[in-house]
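K.L.:
Data file upload-v6.txt (compact mmCIF, C-alpha atoms) is appended below.
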# COMPACT_ATOMS: atom_id res chain seq x y z
CA MET G 1 -64.40 -110.72 -113.19
CA ILE G 2 -65.20 -111.46 -116.80
CA ARG G 3 -68.68 -112.41 -115.70
CA ILE G 4 -69.22 -109.05 -114.06
CA ILE G 5 -68.11 -107.25 -117.17
CA ASN G 6 -70.37 -109.39 -119.35
CA SER G 7 -73.38 -108.78 -117.18
CA SER G 8 -72.95 -105.03 -117.30
CA VAL G 9 -72.71 -105.30 -121.07
CA ALA G 10 -75.84 -107.44 -121.11
CA GLN G 11 -77.74 -104.78 -119.21
CA VAL G 12 -77.01 -102.24 -121.92
CA ALA G 13 -79.91 -103.47 -124.02
CA GLN G 14 -82.37 -102.85 -121.22
CA VAL G 15 -81.50 -99.33 -120.21
CA THR G 16 -81.45 -95.91 -121.84
CA GLN G 17 -78.59 -94.84 -124.03
CA LYS G 18 -77.12 -92.55 -121.38
CA VAL G 19 -77.10 -95.19 -118.69
CA ALA G 20 -75.72 -97.63 -121.22
CA TRP G 21 -72.67 -95.48 -121.78
CA TYR G 22 -72.25 -95.18 -118.07
CA ALA G 23 -72.36 -98.95 -117.75
CA ILE G 24 -69.74 -99.40 -120.43
CA ALA G 25 -67.49 -96.82 -118.80
CA LEU G 26 -67.91 -98.66 -115.52
CA ALA G 27 -67.09 -101.97 -117.17
CA VAL G 28 -63.89 -100.51 -118.59
CA VAL G 29 -62.91 -99.11 -115.21
CA THR G 30 -63.60 -102.51 -113.66
CA MET G 31 -61.45 -104.17 -116.31
CA LEU G 32 -58.57 -101.78 -115.69
CA ASN G 33 -58.81 -102.35 -111.97
CA THR G 34 -58.74 -106.07 -112.55
CA ALA G 35 -55.64 -105.75 -114.68
CA ALA G 36 -53.98 -103.75 -111.93
CA ALA G 37 -54.99 -106.19 -109.19
CA GLY G 38 -52.14 -108.30 -107.95
CA PRO G 39 -50.88 -110.03 -104.82
CA LYS G 40 -51.07 -106.84 -102.76
CA GLU G 41 -54.73 -106.18 -103.64
CA ASP G 42 -55.50 -109.85 -103.08
CA LEU G 43 -53.96 -109.74 -99.63
CA ASP G 44 -56.01 -106.74 -98.55
CA LYS G 45 -59.15 -108.42 -99.80
CA TYR G 46 -58.40 -111.86 -98.37
CA GLN G 47 -57.21 -110.70 -94.96
CA GLY G 48 -60.10 -108.22 -94.95
CA PHE G 49 -62.50 -111.13 -95.28
CA PHE G 50 -61.12 -112.85 -92.17
CA LYS G 51 -60.89 -109.63 -90.17
CA GLN G 52 -64.56 -109.03 -90.86
CA ARG G 53 -65.48 -112.62 -90.13
CA PHE G 54 -63.55 -112.77 -86.86
CA PRO G 55 -63.44 -109.15 -85.64
CA GLU G 56 -62.55 -110.29 -82.14
CA LEU G 57 -59.32 -111.95 -83.33
CA ASP G 58 -56.18 -110.09 -84.33
CA LEU G 59 -53.73 -111.68 -86.76
CA ALA G 60 -51.81 -113.38 -83.96
CA GLY G 61 -55.06 -114.73 -82.55
CA LEU G 62 -56.15 -116.11 -85.89
CA ALA G 63 -52.94 -118.07 -86.06
CA ASN G 64 -53.95 -120.50 -83.37
CA GLY G 65 -56.35 -121.92 -85.87
CA MET G 66 -58.89 -124.46 -84.77
CA TYR G 67 -58.23 -123.81 -81.07
CA ASN G 68 -60.10 -120.50 -81.28
CA PHE G 69 -63.43 -122.22 -81.66
CA SER G 70 -63.65 -124.87 -78.98
CA GLU G 71 -62.91 -124.29 -75.32
CA ASP G 72 -62.35 -128.00 -74.79
CA LYS G 73 -59.72 -128.19 -77.45
CA ARG G 74 -58.14 -124.93 -76.37
CA ASN G 75 -57.77 -126.36 -72.85
CA GLN G 76 -56.36 -129.58 -74.19
CA TYR G 77 -53.89 -127.55 -76.24
CA ASN G 78 -52.87 -125.47 -73.22
CA ASP G 79 -52.29 -128.64 -71.21
CA ILE G 80 -50.08 -130.09 -73.92
CA MET G 81 -48.15 -126.83 -74.18
CA GLU G 82 -47.03 -127.03 -70.55
CA PHE G 83 -44.30 -129.26 -71.96
CA PRO G 84 -44.25 -128.42 -75.65
CA PRO G 85 -43.88 -131.71 -77.50
CA TYR G 86 -41.76 -130.08 -80.22
CA ASP G 87 -38.99 -129.09 -77.80
CA VAL G 88 -37.02 -132.26 -78.45
CA ALA G 89 -37.19 -131.74 -82.21
CA VAL G 90 -35.93 -128.16 -81.81
CA GLU G 91 -33.00 -129.34 -79.75
CA GLU G 92 -32.15 -132.12 -82.16
CA GLY G 93 -32.56 -129.65 -85.00
CA LYS G 94 -30.12 -127.25 -83.39
CA GLU G 95 -27.62 -130.06 -82.89
CA LEU G 96 -27.92 -131.06 -86.55
CA TYR G 97 -27.74 -127.44 -87.66
CA THR G 98 -24.56 -126.65 -85.78
CA THR G 99 -22.71 -129.88 -86.57
CA PRO G 100 -20.20 -129.17 -89.37
CA PHE G 101 -20.37 -130.98 -92.72
CA LYS G 102 -17.54 -133.32 -93.69
CA ASN G 103 -15.89 -130.39 -95.44
CA GLY G 104 -15.87 -128.39 -92.22
CA LYS G 105 -18.50 -125.88 -93.38
CA HIS G 106 -21.85 -125.25 -91.66
CA TYR G 107 -25.47 -124.70 -92.59
CA ALA G 108 -25.00 -121.20 -91.23
CA ASP G 109 -22.60 -120.48 -94.12
CA CYS G 110 -25.42 -121.00 -96.63
CA PHE G 111 -27.88 -118.48 -95.22
CA ALA G 112 -28.12 -114.77 -94.53
CA GLN G 113 -27.70 -113.94 -90.83
CA GLY G 114 -26.27 -117.40 -90.31
CA GLY G 115 -29.82 -118.68 -90.87
CA GLU G 116 -31.19 -117.09 -87.70
CA GLY G 117 -34.50 -115.27 -87.82
CA ILE G 118 -35.06 -115.82 -91.54
CA ALA G 119 -37.67 -118.60 -91.65
CA GLN G 120 -40.50 -116.06 -91.85
CA SER G 121 -39.49 -115.05 -95.37
CA TYR G 122 -39.76 -118.53 -96.90
CA PRO G 123 -40.86 -119.73 -99.42
CA LYS G 124 -38.86 -117.25 -101.45
CA PHE G 125 -38.87 -116.39 -105.12
CA ASP G 126 -35.39 -117.10 -106.53
CA LYS G 127 -34.40 -114.74 -109.34
CA GLY G 128 -31.69 -117.12 -110.54
CA THR G 129 -33.94 -120.08 -111.24
CA GLY G 130 -37.12 -118.06 -111.71
CA LYS G 131 -38.82 -120.44 -109.27
CA VAL G 132 -40.07 -120.53 -105.72
CA GLN G 133 -37.69 -122.05 -103.19
CA THR G 134 -38.99 -123.47 -99.92
CA LEU G 135 -36.88 -123.40 -96.77
CA ALA G 136 -36.75 -127.21 -96.97
CA ALA G 137 -35.31 -127.01 -100.48
CA ALA G 138 -32.80 -124.36 -99.38
CA ILE G 139 -31.59 -126.69 -96.62
CA ASN G 140 -31.09 -129.52 -99.08
CA GLU G 141 -29.38 -127.20 -101.56
CA CYS G 142 -26.97 -126.21 -98.84
CA ARG G 143 -26.22 -129.89 -98.21
CA LYS G 144 -25.72 -130.55 -101.89
CA ASN G 145 -23.33 -127.61 -102.28
CA ASN G 146 -21.31 -129.05 -99.44
CA GLY G 147 -21.19 -132.57 -100.81
CA GLU G 148 -23.82 -134.05 -98.50
CA ALA G 149 -26.72 -136.29 -99.52
CA PRO G 150 -30.19 -134.70 -99.50
CA LEU G 151 -32.60 -135.41 -96.65
CA LYS G 152 -36.22 -136.52 -96.95
CA TYR G 153 -38.66 -133.66 -96.99
CA LEU G 154 -41.81 -134.35 -95.01
CA LYS G 155 -40.44 -135.49 -91.63
CA GLY G 156 -37.26 -136.45 -89.85
CA ASN G 157 -33.96 -134.58 -89.68
CA LEU G 158 -34.71 -131.97 -92.31
CA VAL G 159 -37.94 -130.96 -90.59
CA LYS G 160 -36.12 -130.85 -87.25
CA ILE G 161 -33.64 -128.40 -88.75
CA GLN G 162 -36.58 -126.38 -90.04
CA ALA G 163 -38.14 -126.48 -86.58
CA TYR G 164 -34.95 -125.06 -85.09
CA MET G 165 -34.74 -122.34 -87.74
CA ALA G 166 -38.41 -121.47 -87.20
CA GLU G 167 -37.82 -121.26 -83.45
CA THR G 168 -35.26 -118.49 -84.09
CA SER G 169 -37.98 -116.61 -85.97
CA ARG G 170 -40.73 -116.94 -83.36
CA GLY G 171 -42.65 -113.68 -83.07
CA LYS G 172 -41.38 -112.26 -86.35
CA PRO G 173 -44.19 -111.40 -88.77
CA ILE G 174 -44.41 -113.56 -91.87
CA ASN G 175 -42.98 -111.60 -94.75
CA ILE G 176 -43.35 -113.30 -98.11
CA GLN G 177 -42.30 -111.18 -101.06
CA VAL G 178 -43.83 -111.49 -104.49
CA PRO G 179 -41.45 -109.30 -106.49
CA ASP G 180 -42.57 -107.51 -109.60
CA ASP G 181 -41.25 -110.23 -111.88
CA PRO G 182 -43.64 -112.01 -114.25
CA ARG G 183 -42.25 -115.38 -113.14
CA ALA G 184 -42.93 -114.61 -109.48
CA ILE G 185 -46.44 -113.39 -110.27
CA ALA G 186 -47.04 -116.53 -112.33
CA ALA G 187 -45.90 -118.74 -109.43
CA TYR G 188 -48.18 -116.85 -107.05
CA GLU G 189 -51.10 -117.11 -109.46
CA GLU G 190 -50.58 -120.84 -109.90
CA GLY G 191 -50.57 -121.37 -106.14
CA LYS G 192 -53.75 -119.35 -105.89
CA ARG G 193 -55.38 -121.35 -108.66
CA ILE G 194 -54.52 -124.62 -106.89
CA TYR G 195 -55.92 -123.27 -103.63
CA PHE G 196 -59.26 -122.48 -105.25
CA THR G 197 -59.47 -125.55 -107.51
CA ARG G 198 -61.85 -128.36 -106.65
CA ARG G 199 -60.30 -131.80 -106.47
CA GLY G 200 -61.31 -135.39 -105.69
CA PRO G 201 -64.70 -137.04 -106.04
CA ARG G 202 -66.28 -134.64 -103.53
CA GLU G 203 -64.93 -131.69 -105.46
CA PHE G 204 -63.63 -129.77 -102.47
CA ALA G 205 -61.14 -126.95 -102.84
CA CYS G 206 -58.93 -125.90 -99.92
CA TYR G 207 -60.93 -122.71 -99.96
CA HIS G 208 -64.22 -124.48 -99.25
CA CYS G 209 -63.10 -125.63 -95.82
CA HIS G 210 -60.65 -122.95 -94.70
CA TRP G 211 -62.41 -119.81 -95.91
CA GLU G 212 -66.17 -119.29 -95.61
CA ALA G 213 -66.56 -122.45 -93.54
CA SER G 214 -63.73 -121.54 -91.16
CA GLY G 215 -64.76 -121.48 -87.52
CA MET G 216 -67.52 -123.99 -88.24
CA ARG G 217 -67.39 -127.74 -87.88
CA ILE G 218 -67.06 -130.58 -90.30
CA ARG G 219 -68.08 -133.53 -88.18
CA GLY G 220 -66.22 -132.91 -84.91
CA ASN G 221 -63.53 -130.74 -86.48
CA GLU G 222 -63.48 -126.97 -86.22
CA LEU G 223 -62.01 -125.59 -89.41
CA SER G 224 -59.08 -123.22 -89.07
CA PRO G 225 -59.00 -120.00 -91.13
CA ALA G 226 -56.60 -119.97 -94.08
CA VAL G 227 -54.92 -116.82 -92.79
CA GLY G 228 -52.61 -117.78 -89.94
CA GLN G 229 -52.16 -121.48 -90.65
CA ALA G 230 -48.71 -121.13 -92.19
CA ALA G 231 -47.35 -119.33 -89.12
CA ASN G 232 -47.44 -122.56 -87.09
CA PHE G 233 -45.36 -124.89 -89.22
CA PRO G 234 -43.63 -127.22 -88.81
CA VAL G 235 -45.85 -128.76 -86.14
CA TYR G 236 -45.55 -131.67 -83.76
CA ARG G 237 -48.78 -133.51 -84.30
CA SER G 238 -49.97 -136.10 -81.78
CA LYS G 239 -51.54 -138.01 -84.65
CA TRP G 240 -48.11 -138.25 -86.29
CA GLY G 241 -46.23 -138.69 -83.02
CA GLU G 242 -43.49 -136.51 -84.47
CA ILE G 243 -42.72 -133.24 -86.18
CA GLY G 244 -43.90 -132.75 -89.77
CA SER G 245 -43.76 -130.10 -92.45
CA ILE G 246 -46.51 -127.95 -93.90
CA GLN G 247 -46.46 -129.88 -97.15
CA ARG G 248 -47.09 -133.04 -95.17
CA ARG G 249 -50.21 -131.35 -93.80
CA TYR G 250 -51.33 -130.28 -97.29
CA ILE G 251 -50.91 -133.87 -98.45
CA GLY G 252 -52.98 -134.99 -95.45
CA CYS G 253 -55.88 -132.70 -96.41
CA MET G 254 -55.69 -133.82 -100.04
CA ARG G 255 -55.81 -137.48 -98.97
CA ASN G 256 -58.65 -136.82 -96.53
CA ILE G 257 -60.82 -135.53 -99.33
CA GLY G 258 -60.02 -138.53 -101.50
CA ALA G 259 -57.91 -136.56 -103.97
CA VAL G 260 -54.61 -137.66 -105.45
CA PRO G 261 -52.16 -135.52 -103.46
CA LEU G 262 -49.62 -133.28 -105.16
CA LYS G 263 -46.09 -134.48 -104.54
CA GLU G 264 -43.89 -132.64 -102.06
CA GLN G 265 -41.42 -130.08 -103.41
CA THR G 266 -42.82 -130.14 -106.93
CA GLU G 267 -43.27 -126.78 -108.58
CA ALA G 268 -47.05 -126.97 -108.08
CA MET G 269 -46.74 -127.83 -104.38
CA ASN G 270 -44.16 -125.10 -103.80
CA ASN G 271 -46.36 -122.55 -105.53
CA LEU G 272 -49.24 -123.63 -103.30
CA GLU G 273 -47.02 -123.10 -100.25
CA TYR G 274 -45.95 -119.72 -101.66
CA PHE G 275 -49.53 -118.50 -102.06
CA HIS G 276 -50.74 -120.09 -98.81
CA THR G 277 -47.90 -118.60 -96.76
CA TYR G 278 -48.30 -115.21 -98.41
CA LEU G 279 -51.90 -115.21 -97.10
CA SER G 280 -50.39 -115.03 -93.59
CA ASN G 281 -48.16 -112.01 -94.24
CA GLY G 282 -47.99 -109.97 -91.05
CA VAL G 283 -48.96 -112.88 -88.80
CA PRO G 284 -46.26 -113.41 -86.16
CA MET G 285 -44.52 -116.75 -86.50
CA ASN G 286 -45.57 -119.20 -83.82
CA ALA G 287 -43.59 -122.16 -85.06
CA PRO G 288 -42.94 -124.85 -84.33
CA ASN G 289 -46.32 -125.44 -82.76
CA SER G 290 -48.26 -128.44 -81.51
CA ARG G 291 -51.42 -129.96 -82.94
CA PHE G 292 -53.51 -133.00 -82.27
CA MET K 293 -81.74 -116.13 -87.80
CA GLY K 294 -84.52 -115.35 -90.28
CA LYS K 295 -83.77 -118.61 -92.01
CA THR K 296 -84.01 -120.59 -88.79
CA ILE K 297 -87.40 -119.12 -88.05
CA THR K 298 -88.61 -119.97 -91.53
CA LEU K 299 -87.39 -123.52 -91.09
CA VAL K 300 -89.18 -123.87 -87.79
CA VAL K 301 -92.40 -122.44 -89.21
CA PHE K 302 -92.21 -124.83 -92.11
CA SER K 303 -91.64 -127.87 -89.96
CA VAL K 304 -94.45 -126.91 -87.61
CA CYS K 305 -96.79 -126.43 -90.59
CA ALA K 306 -95.71 -129.76 -91.97
CA ALA K 307 -96.45 -131.45 -88.68
CA ILE K 308 -99.86 -129.78 -88.29
CA THR K 309 -101.03 -130.62 -91.78
CA GLY K 310 -99.80 -134.14 -91.32
CA VAL K 311 -97.66 -133.97 -94.44
CA THR K 312 -94.87 -135.84 -92.74
CA ALA K 313 -97.23 -138.77 -92.26
CA THR K 314 -96.89 -139.53 -95.97
CA ALA K 315 -93.41 -140.72 -95.14
CA GLY K 316 -95.23 -143.83 -94.01
CA ASN K 317 -95.70 -144.62 -97.70
CA ALA K 318 -92.02 -145.37 -98.18
CA ASP K 319 -91.07 -148.78 -96.96
CA LYS K 320 -89.40 -149.04 -93.59
CA ASP K 321 -86.26 -150.72 -94.87
CA ALA K 322 -85.75 -147.98 -97.43
CA ILE K 323 -86.04 -145.34 -94.72
CA LYS K 324 -83.64 -147.23 -92.48
CA GLU K 325 -81.10 -147.59 -95.24
CA GLY K 326 -81.62 -143.94 -96.20
CA LYS K 327 -80.88 -142.90 -92.64
CA ARG K 328 -77.71 -144.98 -92.60
CA LEU K 329 -76.59 -143.33 -95.83
CA THR K 330 -77.21 -139.83 -94.47
CA LEU K 331 -75.18 -140.61 -91.35
CA GLU K 332 -72.35 -141.64 -93.61
CA TYR K 333 -72.62 -138.88 -96.20
CA CYS K 334 -74.55 -135.92 -94.82
CA GLN K 335 -74.06 -135.47 -91.09
CA ALA K 336 -70.47 -134.33 -91.59
CA CYS K 337 -72.04 -131.01 -92.56
CA HIS K 338 -75.76 -131.05 -91.70
CA HIS K 339 -77.46 -131.36 -88.36
CA TYR K 340 -80.81 -133.17 -88.17
CA GLN K 341 -82.76 -135.38 -85.84
CA GLY K 342 -80.75 -138.53 -85.16
CA THR K 343 -77.27 -137.13 -85.79
CA GLU K 344 -74.62 -137.61 -83.16
CA GLN K 345 -71.62 -135.68 -84.36
CA ALA K 346 -73.08 -133.34 -86.91
CA GLY K 347 -71.15 -130.58 -88.58
CA THR K 348 -72.23 -126.96 -88.57
CA VAL K 349 -71.15 -125.82 -92.03
CA ALA K 350 -74.54 -126.50 -93.61
CA PRO K 351 -78.16 -125.62 -92.75
CA PRO K 352 -80.09 -128.08 -90.56
CA LEU K 353 -82.27 -130.55 -92.42
CA LEU K 354 -85.79 -130.28 -91.08
CA GLY K 355 -89.33 -129.90 -92.27
CA MET K 356 -88.14 -131.48 -95.50
CA LYS K 357 -91.48 -132.63 -96.86
CA GLY K 358 -93.01 -129.22 -96.27
CA ARG K 359 -90.08 -127.32 -97.73
CA PHE K 360 -89.45 -129.68 -100.64
CA PRO K 361 -92.84 -131.21 -101.56
CA ASP K 362 -91.48 -132.12 -104.98
CA ARG K 363 -89.07 -135.08 -104.70
CA LYS K 364 -87.39 -134.02 -107.91
CA THR K 365 -86.13 -130.80 -106.32
CA LEU K 366 -84.41 -132.72 -103.53
CA TYR K 367 -83.12 -135.28 -105.99
CA ASN K 368 -81.52 -132.52 -108.06
CA ILE K 369 -79.90 -130.92 -105.02
CA ILE K 370 -78.35 -134.21 -103.94
CA TYR K 371 -77.46 -135.17 -107.52
CA ASP K 372 -75.54 -131.98 -108.25
CA PRO K 373 -75.87 -128.99 -105.90
CA GLN K 374 -73.46 -127.00 -108.08
CA VAL K 375 -76.31 -126.89 -110.58
CA ALA K 376 -79.29 -127.01 -108.20
CA ILE K 377 -78.05 -124.66 -105.43
CA LYS K 378 -75.05 -122.57 -106.45
CA LYS K 379 -71.91 -122.98 -108.47
CA ASP K 380 -69.40 -122.64 -105.65
CA THR K 381 -71.25 -124.65 -103.00
CA MET K 382 -69.12 -126.98 -100.88
CA MET K 383 -71.77 -129.68 -100.92
CA PRO K 384 -70.48 -132.62 -102.98
CA PRO K 385 -72.20 -133.68 -106.23
CA PHE K 386 -73.30 -137.07 -104.86
CA GLY K 387 -75.16 -138.19 -107.95
CA ARG K 388 -72.98 -136.77 -110.70
CA ASN K 389 -69.84 -138.29 -109.19
CA GLU K 390 -71.61 -141.54 -108.28
CA LEU K 391 -70.88 -141.24 -104.58
CA LEU K 392 -74.50 -142.37 -104.27
CA ALA K 393 -76.38 -144.52 -106.79
CA LYS K 394 -79.77 -143.31 -108.04
CA ASP K 395 -81.72 -145.73 -105.84
CA GLU K 396 -79.61 -144.69 -102.87
CA ILE K 397 -80.55 -141.05 -103.43
CA GLU K 398 -84.20 -142.15 -103.47
CA LYS K 399 -83.73 -143.87 -100.10
CA VAL K 400 -82.02 -140.80 -98.70
CA ILE K 401 -85.06 -138.77 -99.79
CA ASP K 402 -87.42 -141.31 -98.19
CA PHE K 403 -85.55 -140.74 -94.95
CA LEU K 404 -85.36 -136.94 -95.35
CA TYR K 405 -89.15 -136.92 -95.68
CA THR K 406 -89.42 -138.25 -92.13
CA LEU K 407 -87.59 -135.16 -90.83
Take the structure in the file and write it out as structure tokens.

P.N.:
Amino acid sequence: MIRIINSSVAQVAQVTQKVAWYAIALAVVTMLNTAAAGPKEDLDKYQGFFKQRFPELDLAGLANGMYNFSEDKRNQYNDIMEFPPYDVAVEEGKELYTTPFKNGKHYADCFAQGGEGIAQSYPKFDKGTGKVQTLAAAINECRKNNGEAPLKYLKGNLVKIQAYMAETSRGKPINIQVPDDPRAIAAYEEGKRIYFTRRGPREFACYHCHWEASGMRIRGNELSPAVGQAANFPVYRSKWGEIGSIQRRYIGCMRNIGAVPLKEQTEAMNNLEYFHTYLSNGVPMNAPNSRF
Amino acid sequence: MGKTITLVVFSVCAAITGVTATAGNADKDAIKEGKRLTLEYCQACHHYQGTEQAGTVAPPLLGMKGRFPDRKTLYNIIYDPQVAIKKDTMMPPFGRNELLAKDEIEKVIDFLYTL
């Protein structure tokens, strides 16, 4: 934005006085607009980009990611989905979720609506701490408050519980709120900055692969569009042979590009998940899902 | 579409004028090694003759001698495309980040000149 303003100022020298004033006025208007721009304006712009790029796909369509761009892979996916490989994890997750803690309380006591149909609004900005809380962190907080040891984040029982909770949200549109609180805006902005920042020796940002290059191939891999990705997680991935969380997938992409991955459940990683999930606002949840 | 046509025209011109024949000046081993390097570092994104699982995120590499008669131009693109092409390109800065040594970039160019 600053560059645009500078260039209109630079043009002043080359045009007549009248036009110059016009340019300055325009620059000021641009500046004001920029100041006013926030998550809502971003979302219109970002989702607008993908709608224009893939006019034949609605938001729900976008969400099936890489399988939109290769018939072979779409068929393979459909075959796998005849017996969804995440079913077992959902069942185990439900079992874990409904088993009482040693103190007799339940996970359901920690969440609104007993935890059903709420996964689509995580990660959530927490006014109390001023930080973003992921669903995974909320599950562990619930355990802690009930005297139970925390679970590991990227796979295993915690992710199975998440898979069960996500299953109860299937079809509900993602609804991430960025409240008008400077701390929430700052968290959102940090996540956005991370998403657009180059990292590793090849200097790739997430944006390079999942934005303008989406729908095209890197080697044999069709690249999924950024909007929609978050609606699928957690996923059962054949490569993993088990269910895994979205932060596990982020770490995978960071490793693949030779970058030092951010650590799960750190503030930076949670802010990335906040921004990245917000991008999918309005996309119906289709989680858990399967990937290969 | 327009770009594809331009590329084709260029490569045809290059073939007719025999420019590509100058590739014969580079030694065979250098070209062979250059090709190996491109298969490792370039085909993930670029399609060109000899690729097997090329990506589609980048323009095809063809008619290179005709389109880039000055080696230095190609060298600069491979060295740091953020400077030589555009700031937000996804193509990695192979030279600046030492993903490829200087003599390796030269070999890559020797090979590109056969395309």

K.L.:
Any chance you could tabulate, as JSON lines, the residues of chain K at most 12 Å from chain G with each one's nearest atom pair and distance in Å to one decimal, using all atoms listed in the file, in chain and rising number order?

P.N.:
{"residue": "K:Leu331", "atom": "CA", "partner": "G:Arg219", "partner_atom": "CA", "distance": 10.5}
{"residue": "K:Glu332", "atom": "CA", "partner": "G:Arg219", "partner_atom": "CA", "distance": 10.7}
{"residue": "K:Tyr333", "atom": "CA", "partner": "G:Arg202", "partner_atom": "CA", "distance": 10.6}
{"residue": "K:Cys334", "atom": "CA", "partner": "G:Arg219", "partner_atom": "CA", "distance": 9.6}
{"residue": "K:Gln335", "atom": "CA", "partner": "G:Arg219", "partner_atom": "CA", "distance": 6.9}
{"residue": "K:Ala336", "atom": "CA", "partner": "G:Arg219", "partner_atom": "CA", "distance": 4.2}
{"residue": "K:Cys337", "atom": "CA", "partner": "G:Ile218", "partner_atom": "CA", "distance": 5.5}
{"residue": "K:His338", "atom": "CA", "partner": "G:Arg219", "partner_atom": "CA", "distance": 8.8}
{"residue": "K:His339", "atom": "CA", "partner": "G:Arg219", "partner_atom": "CA", "distance": 9.6}
{"residue": "K:Thr343", "atom": "CA", "partner": "G:Arg219", "partner_atom": "CA", "distance": 10.2}
{"residue": "K:Glu344", "atom": "CA", "partner": "G:Arg219", "partner_atom": "CA", "distance": 9.2}
{"residue": "K:Gln345", "atom": "CA", "partner": "G:Arg219", "partner_atom": "CA", "distance": 5.6}
{"residue": "K:Ala346", "atom": "CA", "partner": "G:Arg219", "partner_atom": "CA", "distance": 5.2}
{"residue": "K:Gly347", "atom": "CA", "partner": "G:Arg219", "partner_atom": "CA", "distance": 4.3}
{"residue": "K:Thr348", "atom": "CA", "partner": "G:Arg217", "partner_atom": "CA", "distance": 5.0}
{"residue": "K:Val349", "atom": "CA", "partner": "G:Met216", "partner_atom": "CA", "distance": 5.6}
{"residue": "K:Ala350", "atom": "CA", "partner": "G:Ala213", "partner_atom": "CA", "distance": 8.9}
{"residue": "K:Pro351", "atom": "CA", "partner": "G:Met216", "partner_atom": "CA", "distance": 11.7}
{"residue": "K:Tyr371", "atom": "CA", "partner": "G:Arg202", "partner_atom": "CA", "distance": 11.9}
{"residue": "K:Asp372", "atom": "CA", "partner": "G:Arg202", "partner_atom": "CA", "distance": 10.7}
{"residue": "K:Pro373", "atom": "CA", "partner": "G:Glu203", "partner_atom": "CA", "distance": 11.3}
{"residue": "K:Gln374", "atom": "CA", "partner": "G:Glu203", "partner_atom": "CA", "distance": 10.1}
{"residue": "K:Lys379", "atom": "CA", "partner": "G:Arg198", "partner_atom": "CA", "distance": 11.6}
{"residue": "K:Asp380", "atom": "CA", "partner": "G:His208", "partner_atom": "CA", "distance": 8.4}
{"residue": "K:Thr381", "atom": "CA", "partner": "G:His208", "partner_atom": "CA", "distance": 8.0}
{"residue": "K:Met382", "atom": "CA", "partner": "G:His208", "partner_atom": "CA", "distance": 5.7}
{"residue": "K:Met383", "atom": "CA", "partner": "G:Arg202", "partner_atom": "CA", "distance": 7.8}
{"residue": "K:Pro384", "atom": "CA", "partner": "G:Arg202", "partner_atom": "CA", "distance": 4.7}
{"residue": "K:Pro385", "atom": "CA", "partner": "G:Arg202", "partner_atom": "CA", "distance": 6.6}
{"residue": "K:Phe386", "atom": "CA", "partner": "G:Arg202", "partner_atom": "CA", "distance": 7.5}
{"residue": "K:Gly387", "atom": "CA", "partner": "G:Arg202", "partner_atom": "CA", "distance": 10.5}
{"residue": "K:Arg388", "atom": "CA", "partner": "G:Pro201", "partner_atom": "CA", "distance": 9.5}
{"residue": "K:Asn389", "atom": "CA", "partner": "G:Pro201", "partner_atom": "CA", "distance": 6.2}
{"residue": "K:Glu390", "atom": "CA", "partner": "G:Pro201", "partner_atom": "CA", "distance": 8.5}
{"residue": "K:Leu391", "atom": "CA", "partner": "G:Pro201", "partner_atom": "CA", "distance": 7.6}
{"residue": "K:Leu392", "atom": "CA", "partner": "G:Pro201", "partner_atom": "CA", "distance": 11.3}

K.L.:
Hey, which of G:Ser224, G:Gln113, G:Asn256, G:Asn270 ends up closest to Tyr67 in chain G? Count all atoms listed in the file.

P.N.:
G:Ser224

K.L.:
At a cut-off of 12 Å around the point (-35.8, -113.1, -93.7) (file coordinates), what residues fall inside when counting all atoms listed in the file? I'd like the answer as a list in words.

P.N.:
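Final list of nearby residues, as requested, is Phe111, Ala112, Gln113, Gly114, Gly115, Glu116, Gly117, Ile118, Ala119, Gln120, Ser121, Tyr122, Pro123, Lys124, Leu135, Met165, Ala166, Thr168, Ser169, Lys172, Pro173, Ile174, Asn175, Ile176, Gln177 and Met285 of chain G.
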
K.L.:
May I ask for the distance between CA of Ser238 in chain G and CA of Gly65 in chain G, given in Å to one decimal place?

P.N.:
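So the answer is 16.1 Å.
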
K.L.:
How many Å separate CA of Tyr188 in chain G from CA of Val159 in chain G?

P.N.:
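Atom-to-atom, CA of Tyr188 in chain G to CA of Val159 in chain G, that is 24.0 Å.
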